[in-house]
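Undergrad: Handing over entry-v3.cif, mmCIF, C-alpha atoms and all ligand atoms.
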```
data_entry
#
loop_
_atom_site.label_atom_id
_atom_site.label_comp_id
_atom_site.auth_asym_id
_atom_site.auth_seq_id
_atom_site.Cartn_x
_atom_site.Cartn_y
_atom_site.Cartn_z
CA MET A 1 167.24 -127.45 55.18
CA GLN A 2 168.02 -128.88 51.78
CA THR A 3 171.52 -128.15 50.49
CA GLY A 4 171.86 -130.57 47.61
CA PHE A 5 174.40 -133.33 47.12
CA LEU A 6 177.27 -131.67 48.99
CA LYS A 7 177.25 -132.04 52.74
CA PRO A 8 177.37 -128.53 54.27
CA ILE A 9 180.85 -127.59 55.42
CA GLU A 10 181.08 -124.89 58.06
CA ALA A 11 184.50 -123.48 57.30
CA ASP A 12 185.79 -120.05 56.38
CA THR A 13 188.32 -121.58 54.01
CA LEU A 14 187.28 -124.35 51.64
CA PHE A 15 189.14 -126.16 48.85
CA LEU A 16 186.92 -127.38 46.00
CA ALA A 17 189.00 -130.13 44.45
CA HIS A 18 188.46 -131.70 41.01
CA ALA A 19 185.88 -129.25 39.68
CA THR A 20 184.96 -129.03 35.99
CA VAL A 21 184.25 -125.52 34.65
CA PRO A 22 183.00 -124.10 31.34
CA VAL A 23 186.17 -122.25 30.30
CA ALA A 24 184.08 -119.45 28.74
CA LEU A 25 182.85 -118.53 32.22
CA VAL A 26 186.26 -118.28 33.93
CA ASP A 27 188.30 -115.08 34.00
CA GLY A 28 191.95 -114.50 34.77
CA VAL A 29 193.25 -118.07 34.53
CA ASP A 30 194.83 -119.74 31.51
CA LEU A 31 192.84 -122.90 30.91
CA VAL A 32 192.92 -125.22 27.92
CA PRO A 33 189.34 -126.20 27.02
CA ASP A 34 188.59 -129.75 25.94
CA ARG A 35 186.36 -130.40 22.91
CA ASP A 36 183.30 -129.56 25.06
CA GLY A 37 184.73 -126.22 26.22
CA LEU A 38 185.43 -127.61 29.71
CA ALA A 39 188.52 -127.78 31.91
CA GLY A 40 189.40 -129.25 35.31
CA VAL A 41 190.27 -126.83 38.11
CA ASP A 42 190.68 -126.62 41.86
CA ILE A 43 189.06 -123.61 43.54
CA LEU A 44 190.15 -122.16 46.87
CA ILE A 45 187.45 -120.21 48.73
CA SER A 46 188.36 -117.95 51.63
CA GLY A 47 186.31 -115.40 53.52
CA GLY A 48 183.37 -115.85 51.13
CA ARG A 49 185.46 -115.07 48.05
CA ILE A 50 187.28 -117.07 45.41
CA ALA A 51 190.90 -116.84 46.49
CA ARG A 52 192.49 -118.98 43.78
CA ILE A 53 191.61 -120.95 40.66
CA ALA A 54 194.22 -123.33 39.25
CA PRO A 55 194.25 -126.27 36.86
CA THR A 56 193.48 -129.50 38.73
CA GLY A 57 196.47 -131.13 40.30
CA ALA A 58 197.80 -128.78 42.92
CA ALA A 59 197.84 -130.38 46.33
CA ALA A 60 195.23 -129.06 48.73
CA PRO A 61 196.68 -126.58 51.19
CA GLN A 62 197.33 -128.09 54.61
CA ASP A 63 194.74 -128.08 57.39
CA ILE A 64 191.75 -126.74 55.49
CA ALA A 65 188.38 -128.25 54.63
CA VAL A 66 188.29 -130.06 51.27
CA ALA A 67 185.25 -130.88 49.15
CA ASP A 68 186.17 -133.30 46.37
CA LEU A 69 183.71 -132.63 43.54
CA ASP A 70 184.85 -135.74 41.64
CA HIS A 71 184.86 -133.79 38.32
CA GLY A 72 181.40 -132.29 38.84
CA LEU A 73 180.54 -129.10 36.92
CA VAL A 74 180.73 -125.70 38.59
CA PHE A 75 178.86 -122.64 37.24
CA PRO A 76 178.91 -119.06 38.44
CA GLY A 77 175.59 -117.75 39.81
CA PHE A 78 173.04 -117.49 37.01
CA VAL A 79 171.73 -114.26 35.48
CA GLU A 80 168.22 -113.82 34.04
CA LEU A 81 167.89 -110.93 31.59
CA HIS A 82 164.16 -111.17 30.84
CA THR A 83 161.40 -112.20 33.25
CA HIS A 84 157.93 -111.05 34.36
CA LEU A 85 157.88 -111.37 38.14
CA ASP A 86 154.69 -109.26 38.38
CA LYS A 87 152.72 -111.70 36.20
CA GLY A 88 154.10 -114.90 37.70
CA HIS A 89 152.03 -117.70 39.22
CA ILE A 90 148.55 -116.39 38.34
CA TRP A 91 147.73 -119.44 36.21
CA PRO A 92 145.41 -121.15 38.76
CA ARG A 93 143.07 -118.13 38.77
CA ARG A 94 143.52 -117.02 35.15
CA ARG A 95 144.53 -119.56 32.56
CA ASN A 96 145.01 -119.12 28.85
CA PRO A 97 142.02 -120.99 27.40
CA ASP A 98 143.63 -121.79 24.02
CA GLY A 99 147.35 -121.13 24.61
CA THR A 100 147.54 -118.39 21.96
CA PHE A 101 149.30 -115.02 22.18
CA GLN A 102 145.96 -113.21 21.95
CA GLY A 103 144.56 -115.39 24.74
CA ALA A 104 147.59 -114.48 26.86
CA LEU A 105 147.18 -110.72 26.31
CA GLU A 106 143.46 -110.71 27.08
CA ASN A 107 143.67 -112.90 30.15
CA VAL A 108 146.64 -111.16 31.75
CA SER A 109 144.90 -107.84 31.22
CA ALA A 110 141.71 -109.10 32.86
CA ASP A 111 143.65 -110.56 35.78
CA ARG A 112 145.63 -107.35 36.26
CA LEU A 113 142.50 -105.22 36.40
CA ALA A 114 140.78 -107.62 38.81
CA HIS A 115 143.57 -108.63 41.20
CA TRP A 116 146.89 -106.79 41.03
CA THR A 117 146.92 -104.98 44.35
CA ALA A 118 150.29 -104.16 45.90
CA ASP A 119 149.97 -107.15 48.23
CA ASP A 120 149.07 -109.55 45.40
CA VAL A 121 152.04 -108.42 43.27
CA ARG A 122 154.42 -108.45 46.24
CA ARG A 123 153.55 -111.97 47.37
CA ARG A 124 153.83 -113.48 43.90
CA MET A 125 157.12 -111.67 43.25
CA ASP A 126 158.54 -112.89 46.55
CA PHE A 127 157.52 -116.47 45.74
CA ALA A 128 159.24 -116.21 42.34
CA LEU A 129 162.40 -114.71 43.84
CA ARG A 130 162.66 -117.45 46.44
CA SER A 131 162.45 -120.05 43.66
CA ALA A 132 165.09 -118.26 41.58
CA TYR A 133 167.40 -117.93 44.58
CA ALA A 134 167.09 -121.63 45.39
CA HIS A 135 168.02 -122.49 41.79
CA GLY A 136 171.26 -120.45 42.00
CA THR A 137 170.39 -117.10 40.39
CA THR A 138 172.18 -113.90 41.45
CA ALA A 139 170.60 -111.23 39.19
CA ILE A 140 167.23 -110.79 37.44
CA ARG A 141 165.75 -108.16 35.17
CA THR A 142 161.95 -108.11 35.28
CA HIS A 143 159.52 -106.27 33.07
CA ILE A 144 156.74 -104.51 34.92
CA ASP A 145 153.29 -104.02 33.38
CA SER A 146 152.97 -100.23 33.47
CA ILE A 147 149.66 -99.44 31.84
CA ALA A 148 147.86 -96.88 34.02
CA PRO A 149 146.94 -97.19 36.83
CA GLN A 150 149.11 -100.29 37.41
CA HIS A 151 152.37 -98.31 37.23
CA ARG A 152 151.52 -96.53 40.50
CA ILE A 153 150.91 -99.86 42.24
CA SER A 154 153.72 -102.05 40.91
CA TRP A 155 156.76 -99.73 40.86
CA PRO A 156 156.80 -99.02 44.62
CA VAL A 157 156.43 -102.80 45.17
CA PHE A 158 159.35 -103.42 42.83
CA ARG A 159 161.52 -100.99 44.78
CA ALA A 160 160.62 -102.59 48.10
CA MET A 161 161.41 -106.06 46.74
CA ARG A 162 164.69 -104.84 45.29
CA GLU A 163 165.73 -103.48 48.68
CA ALA A 164 164.54 -106.58 50.53
CA TRP A 165 166.53 -108.86 48.20
CA GLU A 166 169.70 -106.77 48.03
CA GLY A 167 172.77 -108.96 48.44
CA ARG A 168 170.90 -112.09 47.39
CA ILE A 169 169.41 -111.22 43.97
CA ASP A 170 170.26 -107.99 42.16
CA LEU A 171 166.93 -106.83 40.69
CA GLN A 172 166.47 -104.62 37.65
CA GLY A 173 163.11 -103.39 36.33
CA SER A 174 161.92 -102.24 32.91
CA PRO A 175 158.46 -100.75 32.25
CA LEU A 176 156.14 -102.56 29.85
CA PHE A 177 153.38 -100.97 27.76
CA GLY A 178 152.42 -100.90 24.09
CA ILE A 179 154.42 -98.44 21.95
CA ASN A 180 151.15 -96.72 20.98
CA PHE A 181 150.98 -95.33 24.56
CA ALA A 182 154.38 -93.65 24.00
CA ALA A 183 152.69 -91.19 21.66
CA ASP A 184 151.18 -89.63 24.81
CA GLU A 185 154.05 -87.58 26.23
CA ALA A 186 152.29 -87.03 29.58
CA PHE A 187 152.00 -90.81 30.01
CA VAL A 188 155.69 -91.30 29.17
CA ASP A 189 156.59 -88.60 31.70
CA ALA A 190 154.57 -90.43 34.36
CA ILE A 191 156.47 -93.65 33.59
CA VAL A 192 159.81 -91.82 33.62
CA ALA A 193 158.89 -90.45 37.06
CA GLU A 194 158.19 -93.98 38.37
CA VAL A 195 161.45 -95.29 36.90
CA ALA A 196 163.38 -92.36 38.37
CA ALA A 197 161.79 -92.85 41.80
CA HIS A 198 161.66 -96.64 42.06
CA GLY A 199 163.44 -98.16 39.05
CA THR A 200 166.95 -99.01 37.95
CA GLY A 201 167.56 -96.70 35.00
CA ILE A 202 165.78 -98.70 32.30
CA LEU A 203 162.95 -97.58 30.02
CA GLY A 204 161.12 -99.85 27.58
CA ALA A 205 157.96 -100.84 25.72
CA VAL A 206 156.45 -103.43 23.39
CA THR A 207 156.85 -102.45 19.74
CA TYR A 208 154.07 -103.17 17.24
CA MET A 209 153.48 -102.24 13.61
CA VAL A 210 151.25 -99.31 14.53
CA PRO A 211 151.11 -95.76 13.17
CA GLU A 212 152.65 -94.49 16.44
CA LEU A 213 155.76 -96.72 16.13
CA GLU A 214 158.28 -94.15 14.87
CA ALA A 215 157.03 -91.28 17.04
CA GLY A 216 156.79 -93.51 20.11
CA LEU A 217 160.34 -94.78 19.65
CA ALA A 218 161.60 -91.25 19.09
CA THR A 219 160.02 -90.16 22.39
CA LEU A 220 161.44 -93.12 24.35
CA PHE A 221 164.94 -92.72 22.91
CA ARG A 222 164.84 -88.99 23.69
CA LYS A 223 163.61 -89.48 27.26
CA ALA A 224 166.15 -92.26 27.86
CA ALA A 225 168.98 -90.06 26.60
CA GLU A 226 167.82 -87.13 28.76
CA HIS A 227 167.79 -89.27 31.91
CA GLY A 228 170.76 -91.53 31.15
CA PHE A 229 168.52 -94.63 31.00
CA ASP A 230 169.11 -97.85 29.07
CA LEU A 231 166.35 -99.27 26.85
CA ASP A 232 164.72 -102.71 26.75
CA PHE A 233 162.05 -103.66 24.21
CA HIS A 234 159.71 -106.57 23.55
CA VAL A 235 160.04 -106.96 19.79
CA ASP A 236 158.21 -108.81 17.02
CA GLU A 237 156.88 -111.70 19.13
CA THR A 238 155.01 -113.20 16.19
CA GLY A 239 155.50 -115.56 13.26
CA ASP A 240 154.12 -112.94 10.84
CA PRO A 241 157.04 -112.09 8.51
CA THR A 242 155.59 -108.67 7.69
CA VAL A 243 156.22 -107.54 11.29
CA LYS A 244 159.56 -105.69 11.17
CA THR A 245 159.89 -103.26 14.09
CA LEU A 246 163.37 -104.60 14.94
CA GLY A 247 164.92 -102.78 11.99
CA VAL A 248 163.10 -99.57 12.97
CA ILE A 249 164.57 -99.77 16.50
CA ALA A 250 168.08 -100.23 15.08
CA GLU A 251 167.60 -97.34 12.63
CA THR A 252 166.33 -95.09 15.43
CA ALA A 253 169.33 -96.00 17.59
CA LEU A 254 171.74 -95.14 14.77
CA ALA A 255 169.90 -91.96 13.75
CA THR A 256 169.81 -90.63 17.32
CA GLY A 257 173.34 -91.74 18.24
CA PHE A 258 171.89 -93.18 21.46
CA GLN A 259 174.69 -93.81 23.97
CA GLY A 260 172.91 -96.14 26.43
CA ARG A 261 172.48 -99.91 26.15
CA ILE A 262 169.64 -101.34 24.07
CA THR A 263 168.25 -104.83 24.66
CA VAL A 264 165.60 -106.49 22.51
CA GLY A 265 163.66 -109.62 23.45
CA HIS A 266 161.95 -112.25 21.24
CA CYS A 267 162.53 -111.04 17.62
CA CYS A 268 160.61 -114.14 16.42
CA SER A 269 159.42 -112.85 13.04
CA LEU A 270 163.04 -112.28 11.96
CA ALA A 271 163.33 -116.05 11.57
CA ARG A 272 160.45 -115.97 9.04
CA GLN A 273 161.87 -113.25 6.76
CA ASP A 274 163.89 -113.55 3.54
CA GLU A 275 167.69 -113.67 3.68
CA ALA A 276 168.22 -110.14 2.33
CA THR A 277 165.93 -108.63 4.99
CA VAL A 278 167.59 -110.71 7.70
CA ASP A 279 171.10 -109.69 6.62
CA ARG A 280 170.16 -106.02 6.49
CA THR A 281 168.51 -106.10 9.92
CA LEU A 282 171.36 -108.01 11.56
CA ASP A 283 173.92 -105.59 10.11
CA LEU A 284 171.95 -102.64 11.52
CA MET A 285 171.67 -104.33 14.94
CA ALA A 286 175.40 -105.06 15.07
CA LYS A 287 176.20 -101.47 14.07
CA ALA A 288 173.83 -100.09 16.72
CA GLY A 289 175.28 -102.37 19.43
CA ILE A 290 171.91 -103.94 20.28
CA ALA A 291 171.88 -107.00 22.57
CA VAL A 292 169.34 -109.81 22.14
CA VAL A 293 167.59 -112.05 24.63
CA SER A 294 165.79 -115.11 23.29
CA LEU A 295 162.98 -116.73 25.30
CA PRO A 296 162.90 -120.23 23.85
CA MET A 297 160.39 -121.84 26.23
CA CYS A 298 157.73 -119.14 25.78
CA ASN A 299 158.38 -118.92 22.04
CA MET A 300 157.93 -122.66 21.67
CA TYR A 301 154.71 -122.42 23.69
CA LEU A 302 153.03 -119.43 22.01
CA GLN A 303 154.39 -119.31 18.46
CA ASP A 304 152.71 -121.26 15.66
CA ARG A 305 149.91 -122.36 17.98
CA VAL A 306 146.67 -123.07 16.18
CA PRO A 307 144.11 -125.19 18.02
CA GLY A 308 143.98 -128.69 16.56
CA ARG A 309 147.03 -128.17 14.32
CA THR A 310 150.58 -129.39 14.98
CA PRO A 311 153.13 -126.52 15.20
CA ARG A 312 155.59 -126.40 12.29
CA TRP A 313 158.32 -124.06 13.57
CA ARG A 314 160.20 -123.52 16.81
CA GLY A 315 159.40 -119.86 17.33
CA VAL A 316 162.94 -118.75 18.25
CA THR A 317 165.05 -116.02 16.69
CA LEU A 318 168.34 -116.33 14.77
CA LEU A 319 170.75 -116.66 17.69
CA HIS A 320 173.58 -118.33 15.77
CA GLU A 321 173.57 -115.70 13.03
CA MET A 322 173.46 -112.89 15.61
CA LYS A 323 176.35 -114.30 17.63
CA ALA A 324 178.41 -114.78 14.45
CA ARG A 325 178.05 -111.01 13.84
CA GLY A 326 179.23 -110.16 17.34
CA ILE A 327 175.76 -109.30 18.65
CA PRO A 328 175.56 -110.15 22.39
CA VAL A 329 173.00 -112.96 22.85
CA ALA A 330 171.35 -114.35 25.99
CA VAL A 331 168.48 -116.69 26.84
CA SER A 332 166.08 -116.29 29.74
CA SER A 333 162.92 -117.61 31.41
CA ASP A 334 160.37 -114.95 30.37
CA ASN A 335 156.99 -115.85 31.91
CA THR A 336 156.31 -118.35 34.66
CA ARG A 337 152.91 -119.96 35.27
CA ASP A 338 150.82 -117.23 33.68
CA PRO A 339 148.77 -117.03 30.45
CA PHE A 340 151.93 -116.37 28.37
CA TYR A 341 153.49 -119.65 29.60
CA ALA A 342 151.72 -122.20 31.76
CA TYR A 343 154.96 -123.63 33.21
CA GLY A 344 158.45 -122.58 34.34
CA ASP A 345 160.15 -121.93 37.68
CA LEU A 346 162.90 -119.37 36.95
CA ASP A 347 165.46 -122.15 36.75
CA PRO A 348 168.28 -121.19 34.34
CA VAL A 349 169.35 -124.84 34.18
CA GLU A 350 165.97 -125.67 32.61
CA VAL A 351 166.19 -122.61 30.34
CA PHE A 352 169.65 -123.63 29.14
CA ARG A 353 168.66 -127.27 28.69
CA GLU A 354 165.65 -126.27 26.57
CA ALA A 355 167.64 -123.60 24.70
CA VAL A 356 170.32 -126.13 23.75
CA ARG A 357 167.68 -128.46 22.34
CA ILE A 358 165.44 -125.87 20.64
CA LEU A 359 168.23 -123.63 19.29
CA HIS A 360 170.92 -126.31 18.68
CA LEU A 361 173.51 -124.62 20.89
CA ASP A 362 175.51 -127.86 20.99
CA HIS A 363 178.14 -129.77 18.97
CA PRO A 364 180.24 -127.90 19.82
CA MET A 365 178.98 -126.27 23.03
CA GLY A 366 181.87 -123.77 22.92
CA ASP A 367 181.01 -120.58 24.79
CA TRP A 368 177.20 -121.00 24.63
CA PRO A 369 176.99 -121.40 28.45
CA ALA A 370 177.61 -117.63 28.54
CA VAL A 371 173.94 -117.10 27.50
CA ILE A 372 172.75 -117.69 31.10
CA ALA A 373 175.69 -116.04 32.85
CA ARG A 374 178.42 -113.80 31.47
CA THR A 375 176.53 -112.22 28.55
CA PRO A 376 173.31 -111.21 30.34
CA ALA A 377 175.41 -109.93 33.27
CA SER A 378 177.40 -107.73 30.91
CA VAL A 379 174.22 -106.44 29.23
CA MET A 380 172.89 -105.61 32.72
CA ARG A 381 176.08 -103.62 33.45
CA ARG A 382 177.17 -106.20 36.04
CA PRO A 383 180.32 -107.63 34.43
CA ASP A 384 181.35 -108.83 37.88
CA LEU A 385 178.49 -111.39 37.80
CA GLY A 386 178.13 -114.52 35.69
CA VAL A 387 181.85 -115.34 35.81
CA ILE A 388 184.14 -117.40 38.01
CA ALA A 389 187.11 -115.20 38.87
CA GLU A 390 189.69 -114.79 41.62
CA GLY A 391 188.55 -112.10 44.03
CA ALA A 392 184.87 -112.49 43.09
CA PRO A 393 182.29 -113.56 45.68
CA ALA A 394 182.11 -117.37 45.93
CA ASP A 395 178.59 -117.49 44.47
CA LEU A 396 178.78 -120.84 42.70
CA VAL A 397 176.44 -123.62 41.61
CA LEU A 398 177.88 -127.12 42.02
CA PHE A 399 176.65 -130.19 40.16
CA ARG A 400 177.26 -133.94 40.24
CA ALA A 401 177.07 -133.97 36.43
CA ARG A 402 180.56 -134.05 34.89
CA SER A 403 179.78 -133.48 31.22
CA TRP A 404 177.13 -131.85 29.02
CA THR A 405 175.38 -135.13 28.34
CA GLU A 406 175.05 -135.73 32.09
CA PHE A 407 174.16 -132.08 32.79
CA LEU A 408 171.48 -131.73 30.13
CA SER A 409 169.82 -135.11 30.66
CA ARG A 410 168.54 -134.54 34.21
CA PRO A 411 166.96 -131.54 36.00
CA GLN A 412 169.96 -131.28 38.39
CA ALA A 413 167.59 -131.09 41.34
CA ASP A 414 170.41 -132.19 43.67
CA ARG A 415 172.69 -129.22 42.87
CA THR A 416 174.37 -127.32 45.70
CA VAL A 417 174.27 -123.51 45.63
CA LEU A 418 177.06 -121.63 47.42
CA ARG A 419 176.55 -117.97 48.30
CA ARG A 420 179.64 -116.29 49.71
CA GLY A 421 181.11 -119.77 50.02
CA ARG A 422 178.29 -121.25 52.14
CA ALA A 423 175.65 -123.74 50.97
CA ILE A 424 172.18 -122.16 51.01
CA ASP A 425 168.87 -123.84 51.80
CA ARG A 426 167.50 -124.90 48.41
CA THR A 427 163.99 -125.76 49.61
CA LEU A 428 161.54 -124.46 46.98
CA PRO A 429 158.47 -122.53 48.13
CA ASP A 430 155.24 -124.55 48.23
CA TYR A 431 152.53 -123.53 45.72
CA ARG A 432 149.97 -123.87 48.53
CA GLU A 433 151.33 -120.60 49.97
CA LEU A 434 149.59 -118.75 47.13
CA ASP A 435 146.26 -120.62 47.31
CA ASP A 436 144.45 -117.77 49.08
CA LEU A 437 145.32 -115.43 46.18
CA MET A 438 143.98 -117.80 43.56
CA HIS A 439 140.22 -117.50 44.08
CA ASN A 440 138.75 -115.95 40.98
CA ARG A 441 135.15 -114.89 41.38
CA SER A 442 135.01 -113.61 37.82
CA GLU A 443 135.96 -116.99 36.42
CA PRO A 444 134.26 -119.60 38.62
CA SER A 445 135.12 -122.49 36.29
CA ALA A 446 138.89 -122.01 36.75
CA GLU A 447 140.58 -124.98 38.36
ZN ZN A 501 158.63 -110.92 28.05
#
```
Do you think you could lay out the structure here as structure tokens?
TA:
Amino acid sequence: MQTGFLKPIEADTLFLAHATVPVALVDGVDLVPDRDGLAGVDILISGGRIARIAPTGAAAPQDIAVADLDHGLVFPGFVELHTHLDKGHIWPRRRNPDGTFQGALENVSADRLAHWTADDVRRRMDFALRSAYAHGTTAIRTHIDSIAPQHRISWPVFRAMREAWEGRIDLQGSPLFGINFAADEAFVDAIVAEVAAHGTGILGAVTYMVPELEAGLATLFRKAAEHGFDLDFHVDETGDPTVKTLGVIAETALATGFQGRITVGHCCSLARQDEATVDRTLDLMAKAGIAVVSLPMCNMYLQDRVPGRTPRWRGVTLLHEMKARGIPVAVSSDNTRDPFYAYGDLDPVEVFREAVRILHLDHPMGDWPAVIARTPASVMRRPDLGVIAEGAPADLVLFRARSWTEFLSRPQADRTVLRRGRAIDRTLPDYRELDDLMHNRSEPSAE
């Protein structure tokens, strides 16, 4: 049992004294943020819920357990808007030989065809979820590779995992396939049937500059409207400035008057386009109410990679400009230990630390902490998550770090995660558990 820095306290009522909170993540209490967007509070937990939040200074109620956090930071449970739990942890049997986007596509496809049985997908998903839970995450949206025949294998697994993890991690799923497949209405109907039977009301695809783009989008928007689904797209994950499907998505949303939520991930090429194109696209996105999730670790890894040449750009989209226009923005893990990203562990603290550095979310930090909590939760229609509020479940992540410079300088491996007010076991699963899945007869040279 590993519970982090705080000694486990077995008490129904607990007073967290001298906590430091990002004010942007607290609801219902008047707090005055300091120049880093932080404020000191005391938090009373009772019966697994947050009973009271008040500026630091109130005396602890009599005769109850007290944990003095000595000004350590407290976050709400984290929320991941964009992951790939079905691809995770295949790296040892299928690496990306040159680290490029094309290498990722080809090698994931080969691995899927060779290995993705229900048991293989289930065990890797479970491993990933246990890691995420130990890091303090309460909700995850995963994309699910849905090219036939994989959709019939993975969606029932997703549903089983969602039910098994209910109450610990709220799981959402979005189907993933190239937009060219959406031209085939029978295929889209088969996907809609899987989503209706096993999914969580989200339809999606990867958009490319292909002849089927407009027709494919029209079909997906129509099907989503018919079934009351939200939409989630992988968009323009390339440094090629001529790739502009983002604007087409926004135009389709406006033309159809789509009433559901639309989320777009990546949007890398936007950062390589001229100012007039950028302004026009951002205006359309804001008007259409589209939310954005940036994947800074994967973008840094895949974008501008040419063997033997030093990368010249960071790969990320225009998060500051989007936020300034009122577009909801989040950051998330994306891939973990697969050919799209060789590393990662579904730890939002790492994602935020890297996002701050890659995207300059600091000086001032302001409400940027919302990108791993409040904003993705709201996009996922779970406004009750990702915030610290009276009456909410006491799902909190406690740190020894007292300030951003302390928080972002270390991995925070000694954090304590409270679920319903109790410290959970934060022991991470051992990679050796997956060793028996990692033999790859088709690629004997893999290490
Ligand atoms: Zn992705």
Undergrad: Restricting the calculation to all atoms listed in the file: of A:Met297, A:Leu434, A:Ala215, A:Asp232, which residue gets closest to Thr336 of chain A?
TA: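 Of A:Met297, A:Leu434, A:Ala215, A:Asp232, the one nearest Thr336 of chain A is A:Met297, counting all atoms listed in the file.
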Undergrad: With distances taken over all atoms listed in the file, which residue among A:Tyr208, A:Tyr431, A:Phe75, A:Phe5 lies nearest Pro22 of chain A?
TA: A:Phe75
Undergrad: Can you pull out every residue with an atom within 9 Å of ligand ZN 501 (chain A)? Use only C-alpha atoms and all ligand atoms and format it as a PyMOL selection string.
TA: chain A and resi 82-84+142-143+176+233-234+265-266+295+298+333-335+340
Undergrad: Interatomic distance between atom CA of Pro393 of chain A and atom CA of Thr138 of chain A?
TA: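 Here the two named atoms are 11.0 Å from each other.
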Undergrad: Excluding Gly99 of chain A and residues on its chain fewer than 6 positions from it, collect all residues at most 8 Å away from it, counting only C-alpha atoms, and give them as an MDAnalysis selection string.
TA: chainID A and resid 301:302 305 339:340
Undergrad: Those residues with C-alpha atoms, as an mmCIF file, in the frame of the given file please?
TA:
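The resulting file, part-v5.cif, is shown below:
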```cif
data_model
loop_
_atom_site.group_PDB
_atom_site.id
_atom_site.type_symbol
_atom_site.label_atom_id
_atom_site.label_comp_id
_atom_site.auth_asym_id
_atom_site.auth_seq_id
_atom_site.Cartn_x
_atom_site.Cartn_y
_atom_site.Cartn_z
ATOM 1 C CA TYR A 301 154.710 -122.420 23.690
ATOM 2 C CA LEU A 302 153.030 -119.430 22.010
ATOM 3 C CA ARG A 305 149.910 -122.360 17.980
ATOM 4 C CA PRO A 339 148.770 -117.030 30.450
ATOM 5 C CA PHE A 340 151.930 -116.370 28.370
#
```
Undergrad: The residues within 7 Å of (155.9, -113.5, 38.3), using all atoms listed in the file and the coordinates of the file, should be reported as number ranges by chain; which are they?
TA: A: 84-89, 124-125, 128, 335-336
Undergrad: What does the distance from atom CA of Pro211 of chain A to atom CA of Gly173 of chain A come to in Å, to one decimal?
TA: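 Interatomic distance here is 27.2 Å.
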Undergrad: In terms of the shortest atom-to-atom distance over all atoms listed in the file, which of A:Ser294, A:Thr416, A:Gln259, A:Ser174 is closest to Asp395 of chain A?
TA: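 Result for the nearest residue to Asp395 of chain A: A:Thr416.
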Undergrad: Under the rule that only C-alpha atoms are counted, which of A:Val29, A:Val206, A:Leu113, A:Leu16 is the nearest residue to Thr263 of chain A?
TA: A:Val206
Undergrad: Using all atoms of segment 180-191 of chain A that appear in the file, construct an axis-aligned enclosing box with 5 Å of padding on every side and provide its centre coordinates and edge lengths in Å, rounded to one decimal, as lines of an AutoDock Vina configuration file.
TA:
```
center_x = 153.8
center_y = -91.9
center_z = 27.7
size_x = 15.6
size_y = 19.7
size_z = 23.4
```
